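Shown next, in structure tokens, is the structure this report addresses.
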Amino acid sequence: MQDSLLFRMPLVARFLTLFAGLTLSTAVLASETPHVSLKTTMGEIVLELDQEKAPKTVANFLQYVKSGHYKGLIFHRVINDFMIQGGGMDEKMLQRRTNKPIQNEAKNGLLNVPYSIAMARTQDPNSATSQFFINVAENTNLDYPGRDGFGYTVFGKVISGQDVVDKIKVVMVDDVRGNQNVPVTPIVIKSATIVKP
């Protein structure tokens with residue numbers, strides 16, 4: 001019935017009807033909140049990313065996910081009551097090549113609260129590349145404007161696997177090749193993939 005009605009409509013009207021449907025479908029897809037699964041040697045962590053409030057940061061993170069950058073890297077810095085950091089080094093503590101740094105988006109209203117994910121950076125506010133950290137405490141000193149007028153960009157949160165984060169934050173750590181707070185037993189990211197909500 002609907003097909004025959006569409007067929008009897010003038011050509012322009014048919015085109016507009018079909019175009020409106022396609023546009024709506026595209027808008028629905030674009031508005032979907034990205035979810036990323038990090039499968040580690042200690043379990044799975046699922047992240048929900050906020051592309052509305054941190055569009056450049058989320059796009060950057062997803063680019064690394066899609067390229068396979070995170071596979072085989074480790075959580076190389078773990079500090080209980082602070083955060084767990086990964087996305088930059090392998091088990092030999094060698095850094096993997098990254099893309100160009102991105103602009104700091106910490107002034108977005110998202111806070112460094114437990115189980116939020118944020119970008120790691122150097123003293124340069126606009127130096128974040130692939131390294132990220134998951135907060136395991138109320139780290140309000142990292143929120144915008146922070147001590148340097150910028151803060152650290154939060155771009156999502158852990159929605160599944162909080163227990164895995166809790167296991168990681170209490171592992172035994174040591175100094176390794178000039179790096180502090182390195183887990184004695186490597187916590188490897190076996191895969192990072194985009195998953196459906």
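Scheme for the structure tokens: letters A, B, ... for chains in order shown; per-chain residue numbers from 1; ligand numbers from 1 in order shown.
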Any idea what's packed within 7 Å of range 79-91 of chain A, counting only C-alpha atoms, ignoring anything in its chain fewer than 6 positions away? Could you give it as a list in words? Tyr70, Gly72, Leu73, Ser130, Gln131, Phe132, Phe133, Ile134, Asn135, Val136, Ala137, Lys169, Val170, Asn181 and Pro186 of chain A
Enumerate as a short mmCIF file (atom, residue, chain, number, x, y, z; two decimals) with N, CA and C atoms, in the first residue's frame all residues of range 53-124 of chain A assigned to strand (DSSP E) by DSSP on the backbone, naming them with the chain letters and numbers the document uses.
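The result, written out as out00.cif:
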data_model
loop_
_atom_site.label_atom_id
_atom_site.label_comp_id
_atom_site.auth_asym_id
_atom_site.auth_seq_id
_atom_site.Cartn_x
_atom_site.Cartn_y
_atom_site.Cartn_z
N PHE A 75 49.13 -0.88 30.29
CA PHE A 75 48.91 0.18 31.28
C PHE A 75 50.26 0.31 31.98
N HIS A 76 51.00 1.37 31.62
CA HIS A 76 52.39 1.49 32.05
C HIS A 76 52.57 2.34 33.31
N ARG A 77 51.50 2.96 33.78
CA ARG A 77 51.61 3.80 34.98
C ARG A 77 50.35 3.61 35.81
N VAL A 78 50.51 3.05 36.99
CA VAL A 78 49.37 2.75 37.85
C VAL A 78 49.64 3.32 39.25
N ILE A 79 48.76 4.23 39.67
CA ILE A 79 48.89 4.83 40.99
C ILE A 79 47.54 4.71 41.70
N MET A 83 45.12 7.26 39.41
CA MET A 83 44.69 6.88 38.07
C MET A 83 45.50 5.70 37.53
N ILE A 84 44.99 5.12 36.41
CA ILE A 84 45.73 4.09 35.67
C ILE A 84 45.91 4.62 34.25
N GLN A 85 47.14 4.56 33.74
CA GLN A 85 47.46 5.19 32.45
C GLN A 85 47.99 4.17 31.45
N GLY A 86 47.56 4.32 30.20
CA GLY A 86 48.03 3.42 29.14
C GLY A 86 47.95 4.09 27.78
N SER A 116 36.11 8.07 35.05
CA SER A 116 36.11 8.89 33.83
C SER A 116 37.43 8.65 33.12
N ILE A 117 37.42 8.83 31.79
CA ILE A 117 38.65 8.66 31.00
C ILE A 117 39.07 10.01 30.45
N ALA A 118 40.37 10.29 30.54
CA ALA A 118 40.91 11.57 30.11
C ALA A 118 42.20 11.36 29.33
N MET A 119 42.62 12.40 28.63
CA MET A 119 43.85 12.32 27.85
C MET A 119 45.06 12.71 28.70
#
Residues within 12 Å of Ala59 in chain A, please, as a ChimeraX atom specification. Count only C-alpha atoms; anything in the same chain fewer than 6 positions from it doesn't count. /A:33-34,49-53,65-66,102-103,129-130,155
Selection from above, N, CA and C atoms, as an mmCIF file, in the first residue's frame, can you write it?
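And here's out19.cif as it stands now:
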data_model
loop_
_atom_site.group_PDB
_atom_site.id
_atom_site.type_symbol
_atom_site.label_atom_id
_atom_site.label_comp_id
_atom_site.auth_asym_id
_atom_site.auth_seq_id
_atom_site.Cartn_x
_atom_site.Cartn_y
_atom_site.Cartn_z
ATOM 1 N N THR A 33 26.154 7.406 20.556
ATOM 2 C CA THR A 33 27.315 7.596 21.411
ATOM 3 C C THR A 33 28.294 6.453 21.194
ATOM 4 N N PRO A 34 29.548 6.760 20.807
ATOM 5 C CA PRO A 34 30.524 5.690 20.570
ATOM 6 C C PRO A 34 30.869 4.929 21.847
ATOM 7 N N LEU A 49 32.021 7.206 25.066
ATOM 8 C CA LEU A 49 32.724 8.439 24.730
ATOM 9 C C LEU A 49 31.742 9.580 24.472
ATOM 10 N N ASP A 50 32.099 10.774 24.905
ATOM 11 C CA ASP A 50 31.227 11.944 24.770
ATOM 12 C C ASP A 50 31.709 12.811 23.612
ATOM 13 N N GLN A 51 31.242 12.481 22.398
ATOM 14 C CA GLN A 51 31.709 13.231 21.236
ATOM 15 C C GLN A 51 31.054 14.600 21.121
ATOM 16 N N GLU A 52 29.978 14.823 21.862
ATOM 17 C CA GLU A 52 29.333 16.136 21.846
ATOM 18 C C GLU A 52 30.174 17.165 22.594
ATOM 19 N N LYS A 53 30.708 16.769 23.751
ATOM 20 C CA LYS A 53 31.472 17.707 24.572
ATOM 21 C C LYS A 53 32.972 17.690 24.282
ATOM 22 N N VAL A 65 41.957 3.727 17.833
ATOM 23 C CA VAL A 65 41.270 2.442 18.010
ATOM 24 C C VAL A 65 41.144 1.729 16.662
ATOM 25 N N LYS A 66 40.658 2.452 15.652
ATOM 26 C CA LYS A 66 40.428 1.859 14.330
ATOM 27 C C LYS A 66 41.725 1.391 13.670
ATOM 28 N N ILE A 102 46.793 16.893 19.700
ATOM 29 C CA ILE A 102 45.498 17.528 19.474
ATOM 30 C C ILE A 102 45.281 18.691 20.442
ATOM 31 N N GLN A 103 44.288 19.484 20.129
ATOM 32 C CA GLN A 103 43.946 20.651 20.957
ATOM 33 C C GLN A 103 43.275 20.215 22.254
ATOM 34 N N THR A 129 48.345 12.882 22.614
ATOM 35 C CA THR A 129 48.352 12.086 21.375
ATOM 36 C C THR A 129 47.510 10.822 21.597
ATOM 37 N N SER A 130 48.143 9.731 22.013
ATOM 38 C CA SER A 130 47.407 8.466 22.169
ATOM 39 C C SER A 130 47.230 8.021 23.610
ATOM 40 N N PHE A 155 36.932 12.776 28.281
ATOM 41 C CA PHE A 155 36.167 12.572 27.048
ATOM 42 C C PHE A 155 35.242 11.357 27.094
#
Out of range 10-138 of chain A, which residues get helix (DSSP H, G or I) from DSSP, as an MDAnalysis selection string? chainID A and resid 11:31 55:67
